[in-house]
Amino acid sequence: MKKDEDQDPIAYLFDRATVLQETRLFNETPLNARKCRNLIARVLGILYQGETLATREATDLFFATTKLFQNRDPALRQIVYLLVKELATSAEDVMMATSSLTKDINSKAEDLFSGAGPLGGISSFKFGGGGAAATAASALQALSNATQNQQPGQGSIIGTAVNHRANAVRALCKVTDAALLQAIERFIKQMILDKNAAVASAALVSSYHYHLVAKDTVRRWANEVQEALGAKELSSKSMGSTAAAFSAFGVVYQGSITQYHALALLYRMRQNDRMAVAKMLQNLSQGNDVKFPWALCMLVRFAAKFIEDERGQYPPGTDIVKTQEGSLSAQLYEFLKTMLSNRSEMVAVEAARAMCGLVSYSPEDNGLTNFQVIPAITALKLFLSSTKPALRFASLRTLNQLAMTHSDLVSACNLDMEDLITDQNRSIATFAITTLLKTGNDSSVDRLMKQITPFMSEISDEFKIIVIESIRSLALKFPRKHEATLNFLSGVLRDEGGYEYKKSIVEALFDLIKNVPESKEAALGHLCEFIEDCEFNKLAVRVLYLLGREGPSTSNPRKYIRYIYNRLILENSPVRAAAVTALAQFAGKLGMDVKQSVKVLLARCLDDYDDEVRDRATVYLKIVDEQALSQALITRESLFNVSVLENRLAEYTKDKSSWSKPVDVSTVPNVSRETEERKRIHGKALDSQLTAGMGTNVGVLSGRGGSGVAGSDQDQTKKGDAPGQIAVSAEEQQSNYLDEISKVPQLARLNSQHVKSSVKPVELTERELEYIVDCIKHVFQDWVVFQFKVKNTLNDMVLDDVSVEMNPEDPDLNTVLEPAILVPAERIDYEAEESIYVAFRKAPGAAPVGSYSTSLKYKTLDRDPVSGDIIGDEGYEDEYGLEDLEIVIADYVVESHVSNFDGLWEELGEDNETVEGYQLSSITSLSAAVPKVQELLGMKAIMGSDIFDSSSPRHTMYLSGLYCGNLKALARCRLLIMDGQGLALEVAARCEDAEAAEALANAFE
């Protein structure tokens, strides 16, 4: 076929139609193995690029490929295995290849490929343009010399002819679906115990994937997997070229890679059985069977995850190692300490990393104490002086993460880390600097700044951002050294750099202004100089916004007006519009003399050619002369909750009968500007952690959620625990809940204003049980809707016509909460999650509280675990008891911010006040009491009252919210921690309704 002269030769080689047409080559006699290999490579290239074949095309190609099993060329056979695996999911009748694959598995290499060399009959080939030629005979002789000591049927993981059995096992498992798995069960069991490490590993990995679709069948292979895990060390002959490759780098590995795969499969089989996992870890940590470093690393992770889960079973403040001596957690801790001295450095680093992730963050955390983590710190300190860059990097990365919460532990390594600042590897040098900045003390700040300054010009913007984030943390940690950090930040701000780099510097200055008042004027001056020659409009707008907020409160606010007005003359329209708003801030917050000057400047903007600039100038000229409007729209310190405001506007537009009245925004909760700033800082902190390389296996190091082990079924069921997954904000969550409810036809007619939905679902079952049930409470003005999310974890059962029955403990509760609507789930299949809704009608303004006993009612149908088909049409009715469900006063309260607590407190008056006192012996610290008070009242802590002095037993909290979505409510809580007696609490609540105030004060009963 003649190709066009202008056609790309690469595109021609991977043209789908051309390649499929050329597959007729597979039917030629005699077969040219070399051409067939090249053609299959082109087919695989098309598939790997994302192209998909139609079922008919894939089936024809598959059966044409099966004819190649008759050829004895070893290299052709290897690439045929690859193509068979790729076509297995799209072609029909792929089981036809089973006989050929099982024959390959049972055949020896010398019998299967006799008469064909590894070069597939090529007579000769040349290296370069024309040097010496190497014949096929010499290549065969080389291969013979390399494999002359191997036993028949055994081969290396890396090779050509001798690797056929492992690849055949993978292909066989790919073409066999779960329904026909029992037909090849015998072969897989034999391969798991094969003496060849490559073959055994192929069978184990295939079994690991089979476990997703045929758990019961794979569980029957537990004895073979256990035997493969405890197999004695394999000789270098059976390991083949893998052992040789390791030895070439000076690495001698004991054990076999089959231990790694066997341990992963064995844990997957038992992960839902806590006792079985505990027994497995106990045996493996005491024994000496596991020797392969990869398997030991995985065992270390499993041990760390078990300790993390186990420490939640003990009372707060328990030392799980010392107090619970003899327990499995204590035994696993000793195992981790032993692994610190393992001859494999990767195992030692993994053990140190796991121990650092288990350290306590608070006295109630039940983690490892600082003293118990010292062995891990000592091991990491030794690795800092290693000649291997990977070891230095891994140790620094672990210390860097630990320094975020326990800088005192890491400070012992400061001298070793200072030597790494000049390391040739820029990643290592960056981690060394950022860790030192976190562990540095007051006296070392100036020295660190001098060391970092020349280093900044040698690294990329990506690493510069990491350094800037660490300097920001250091500046907030040592506010007295703000001059040194300001000088450094102002210097790098003048250097060349991209948007993200400049943005990180500007945000660091923002945080200094917010948290270190002494640095405000100097930092504002540096920012003013920055916007004089700023090429990024977004940053200029943000700086102007900050100048408008902070400039009026400085000692000489007039000097900032000049910088702002310069932007009105020299910049483009978005920046000019931001400058107009900033000037209005000065006019609204300062005296009449400044106001008149600003009005003159704003009047000049009335002729601006941009509509936005003109409109803003017009509005602000009108507003600044009216004090009430100025206070509401310019100087106001609180903002509307955007998510709730959006929902209110959506409801307003849907109800045409309400269009005769303006939108009522009085029921929209407020949030403070400080809260929005915290969200920004929190988001930035998450971004910086990911930038610093903390997104991988965070669960293991942090000791919070996730095992760091890929493929865990339990991890997959925990939303938000997966590494790198982004958490959903509370506002987005509320919006998502409303979207779900609006899609239910029976609930679309509620036509009631939404008040609140649960921030966190209520767990009604244990996570390990056959059914996982969570409840989300949705409160409306006239309705209370309970959304039950039910997940079926039984692979041999399907639930039909699923509903939830709710019975109040107090029968009188039905008079104020009247059951009205039930929306059952039609069917819940295996691993599926469906929602059931139960709606109660309530009187507007009422806030009934009480407890309900709940049970799950359904009809069960049998299901084939392998095929997934329903067995029979008739099931039987069944019932499953759930935990009791409470509706409390906090379910009716929405967090809302008030800028003037004292003024609103007096406005509500003593007539609407209720005061109650409580003694809570179960709460023994302020760190537990402060969030508990917020949780039980459902209100927002304002005026910074959620921050307390841990050295003092006394604290006062100020809280605000909206009761039932429309009544302003305040609470003042006085807390006192008494030794041996717990928490003494006085709650004073005021609300626009006296009964509501009484209900809030009684929330702790």
# chains A, B, ... in the order shown; residues from 1 in each chain; ligands from 1
call {"tool": "residues_around", "arguments": {"residues": "region 924-931 of chain A", "least_positions_apart": "6", "cutoff": "10 Å", "atoms": "only C-alpha atoms", "output": "list in words"}}
result
Ser362, Pro363, Glu364, Ala941, Ser945, Asp946, Ile947, Phe948, Asp949, Ser950, Ser951, Ser952, Pro953, Arg954, His955, Thr956, Met957, Cys973, Leu975, Leu976, Ile977, Met978, Asp979, Gly980, Gln981, Gly982, Leu983, Ala984 and Leu985 of chain A
call {"tool": "write_last_selection", "arguments": {"atoms": "N, CA, C and O atoms", "output": "short mmCIF file (atom, residue, chain, number, x, y, z; two decimals), in the first residue's frame"}}
result
data_model
loop_
_atom_site.label_atom_id
_atom_site.label_comp_id
_atom_site.auth_asym_id
_atom_site.auth_seq_id
_atom_site.Cartn_x
_atom_site.Cartn_y
_atom_site.Cartn_z
N SER A 362 -1.84 14.63 71.21
CA SER A 362 -2.43 15.21 72.40
C SER A 362 -2.43 14.14 73.48
O SER A 362 -2.26 12.95 73.19
N PRO A 363 -2.61 14.51 74.75
CA PRO A 363 -2.61 13.51 75.82
C PRO A 363 -3.68 12.44 75.66
O PRO A 363 -3.54 11.33 76.17
N GLU A 364 -4.79 12.78 74.97
CA GLU A 364 -5.88 11.81 74.82
C GLU A 364 -5.73 10.94 73.58
O GLU A 364 -6.61 10.16 73.24
N ALA A 941 -18.44 29.54 67.66
CA ALA A 941 -17.63 30.28 68.62
C ALA A 941 -17.07 31.52 67.94
O ALA A 941 -16.45 31.43 66.88
N SER A 945 -13.05 32.79 70.78
CA SER A 945 -13.25 32.04 72.02
C SER A 945 -13.08 30.54 71.86
O SER A 945 -13.17 29.80 72.84
N ASP A 946 -12.86 30.07 70.63
CA ASP A 946 -12.54 28.66 70.45
C ASP A 946 -11.07 28.39 70.70
O ASP A 946 -10.63 27.23 70.71
N ILE A 947 -10.28 29.45 70.93
CA ILE A 947 -8.87 29.32 71.26
C ILE A 947 -8.71 29.57 72.75
O ILE A 947 -9.23 30.55 73.28
N PHE A 948 -8.02 28.69 73.43
CA PHE A 948 -7.92 28.77 74.89
C PHE A 948 -6.49 28.60 75.34
O PHE A 948 -5.63 28.10 74.60
N ASP A 949 -6.22 28.99 76.57
CA ASP A 949 -4.91 28.83 77.19
C ASP A 949 -4.89 27.49 77.91
O ASP A 949 -5.60 27.29 78.90
N SER A 950 -4.10 26.57 77.41
CA SER A 950 -4.08 25.22 77.97
C SER A 950 -3.52 25.18 79.39
O SER A 950 -3.74 24.22 80.12
N SER A 951 -2.80 26.24 79.79
CA SER A 951 -2.22 26.26 81.13
C SER A 951 -3.22 26.72 82.19
O SER A 951 -2.95 26.62 83.38
N SER A 952 -4.35 27.25 81.74
CA SER A 952 -5.36 27.75 82.67
C SER A 952 -6.55 26.80 82.71
O SER A 952 -6.97 26.30 81.67
N PRO A 953 -7.13 26.58 83.89
CA PRO A 953 -8.31 25.69 83.96
C PRO A 953 -9.61 26.40 83.62
O PRO A 953 -10.65 25.76 83.54
N ARG A 954 -9.57 27.72 83.43
CA ARG A 954 -10.78 28.50 83.18
C ARG A 954 -10.81 29.00 81.73
O ARG A 954 -9.77 29.28 81.14
N HIS A 955 -12.03 29.12 81.23
CA HIS A 955 -12.19 29.66 79.89
C HIS A 955 -13.64 30.10 79.70
O HIS A 955 -14.56 29.51 80.29
N THR A 956 -13.83 31.15 78.91
CA THR A 956 -15.18 31.64 78.59
C THR A 956 -15.37 31.60 77.09
O THR A 956 -14.52 32.07 76.33
N MET A 957 -16.50 31.04 76.66
CA MET A 957 -16.82 30.94 75.25
C MET A 957 -18.03 31.82 74.92
O MET A 957 -18.98 31.92 75.70
N CYS A 973 -20.72 30.73 77.69
CA CYS A 973 -20.44 29.52 78.46
C CYS A 973 -19.15 29.72 79.26
O CYS A 973 -18.11 30.05 78.67
N LEU A 975 -16.38 27.87 81.55
CA LEU A 975 -15.87 26.52 81.75
C LEU A 975 -14.81 26.53 82.84
O LEU A 975 -13.97 27.44 82.90
N LEU A 976 -14.81 25.51 83.67
CA LEU A 976 -13.81 25.35 84.73
C LEU A 976 -13.49 23.86 84.86
O LEU A 976 -14.38 23.04 85.10
N ILE A 977 -12.23 23.52 84.68
CA ILE A 977 -11.77 22.14 84.85
C ILE A 977 -11.31 21.97 86.29
O ILE A 977 -10.37 22.64 86.74
N MET A 978 -11.97 21.06 87.03
CA MET A 978 -11.63 20.80 88.43
C MET A 978 -10.97 19.44 88.54
O MET A 978 -11.45 18.45 87.97
N ASP A 979 -9.87 19.38 89.29
CA ASP A 979 -9.12 18.14 89.44
C ASP A 979 -9.99 17.04 90.04
O ASP A 979 -10.58 17.21 91.11
N GLY A 980 -10.09 15.95 89.31
CA GLY A 980 -10.83 14.80 89.80
C GLY A 980 -12.34 14.91 89.69
O GLY A 980 -13.05 13.94 89.99
N GLN A 981 -12.85 16.06 89.27
CA GLN A 981 -14.29 16.24 89.20
C GLN A 981 -14.79 16.55 87.80
O GLN A 981 -15.99 16.65 87.57
N GLY A 982 -13.90 16.75 86.86
CA GLY A 982 -14.30 17.01 85.49
C GLY A 982 -14.59 18.47 85.23
O GLY A 982 -13.98 19.38 85.81
N LEU A 983 -15.58 18.72 84.37
CA LEU A 983 -15.90 20.07 83.90
C LEU A 983 -17.11 20.64 84.65
O LEU A 983 -18.16 20.00 84.74
N ALA A 984 -16.92 21.85 85.16
CA ALA A 984 -18.04 22.64 85.69
C ALA A 984 -18.41 23.66 84.63
O ALA A 984 -17.55 24.42 84.16
N LEU A 985 -19.67 23.67 84.23
CA LEU A 985 -20.11 24.48 83.10
C LEU A 985 -21.32 25.31 83.46
O LEU A 985 -22.29 24.81 84.06
#
call {"tool": "residues_around", "arguments": {"residues": "Thr435 (chain A)", "least_positions_apart": "6", "cutoff": "8 Å", "atoms": "only C-alpha atoms", "output": "compact mmCIF listing (two decimals) with N, CA, C and O atoms, in the first residue's frame"}}
result
# COMPACT_ATOMS: atom_id res chain seq x y z
N LEU A 396 14.87 12.75 55.36
CA LEU A 396 14.50 14.16 55.49
C LEU A 396 13.00 14.36 55.32
O LEU A 396 12.39 15.17 56.02
N LEU A 399 11.31 13.35 58.55
CA LEU A 399 11.57 14.34 59.60
C LEU A 399 10.82 15.64 59.32
O LEU A 399 10.35 16.31 60.24
N ASN A 400 10.72 16.00 58.04
CA ASN A 400 10.01 17.22 57.68
C ASN A 400 8.54 17.14 58.08
O ASN A 400 7.97 18.09 58.61
N ALA A 403 8.20 17.28 61.87
CA ALA A 403 8.50 18.61 62.42
C ALA A 403 7.28 19.52 62.42
O ALA A 403 7.25 20.51 63.15
N SER A 470 7.63 27.52 54.39
CA SER A 470 8.31 27.23 55.66
C SER A 470 8.72 28.51 56.37
O SER A 470 8.64 28.60 57.59
call {"tool": "residues_around", "arguments": {"residues": "Leu82 (chain A)", "least_positions_apart": "4", "cutoff": "8 Å", "atoms": "only C-alpha atoms", "output": "PyMOL selection string"}}
result
chain A and resi 78+86+171
call {"tool": "write_last_selection", "arguments": {"atoms": "C-alpha atoms", "output": "PDB file, in the first residue's frame"}}
result
ATOM      1  CA  GLN A  78       5.839 -13.351  24.620  1.00  0.00           C
ATOM      2  CA  GLU A  86      -5.440  -6.742  25.894  1.00  0.00           C
ATOM      3  CA  ALA A 171      -2.822 -14.411  30.152  1.00  0.00           C
TER       4      ALA A 171
END
call {"tool": "residues_around", "arguments": {"residues": "region 185-193 of chain A", "least_positions_apart": "5", "cutoff": "7 Å", "atoms": "only C-alpha atoms", "output": "MDAnalysis selection string"}}
result
chainID A and resid 199:200 203:204 221 224:225 228
call {"tool": "write_last_selection", "arguments": {"atoms": "C-alpha atoms", "output": "mmCIF file, in the first residue's frame"}}
result
data_model
loop_
_atom_site.group_PDB
_atom_site.id
_atom_site.type_symbol
_atom_site.label_atom_id
_atom_site.label_comp_id
_atom_site.auth_asym_id
_atom_site.auth_seq_id
_atom_site.Cartn_x
_atom_site.Cartn_y
_atom_site.Cartn_z
ATOM 1 C CA VAL A 199 5.534 -18.099 38.022
ATOM 2 C CA ALA A 200 4.457 -18.044 41.671
ATOM 3 C CA ALA A 203 -0.269 -16.602 40.072
ATOM 4 C CA LEU A 204 -0.412 -14.600 43.313
ATOM 5 C CA TRP A 221 -6.499 -20.932 48.364
ATOM 6 C CA GLU A 224 -1.365 -22.426 49.386
ATOM 7 C CA VAL A 225 -0.844 -18.689 49.881
ATOM 8 C CA ALA A 228 4.092 -19.545 49.611
#
call {"tool": "residues_around", "arguments": {"residues": "Arg614 (chain A)", "least_positions_apart": "4", "cutoff": "12 Å", "atoms": "only C-alpha atoms", "output": "MDAnalysis selection string"}}
result
chainID A and resid 568 573:574 576:581 602:610 618:621
call {"tool": "select_by_dssp", "arguments": {"residues": "region 861-979 of chain A", "states": "strand (DSSP E)", "output": "MDAnalysis selection string"}}
result
chainID A and resid 861:863 870:881 885:887 893:895 913:920 940:941 954:963 967:978
call {"tool": "residues_around", "arguments": {"residues": "region 890-902 of chain A", "least_positions_apart": "3", "cutoff": "9 Å", "atoms": "only C-alpha atoms", "output": "MDAnalysis selection string"}}
result
chainID A and resid 636:639 641 668:672 755:758 777:780 847 887 905:907 934:943 958:965 968:970 1000 1003
call {"tool": "atom_distance", "arguments": {"atom1": "CA of Tyr652 (chain A)", "atom2": "CA of Asp782 (chain A)"}}
result
16.8 Å
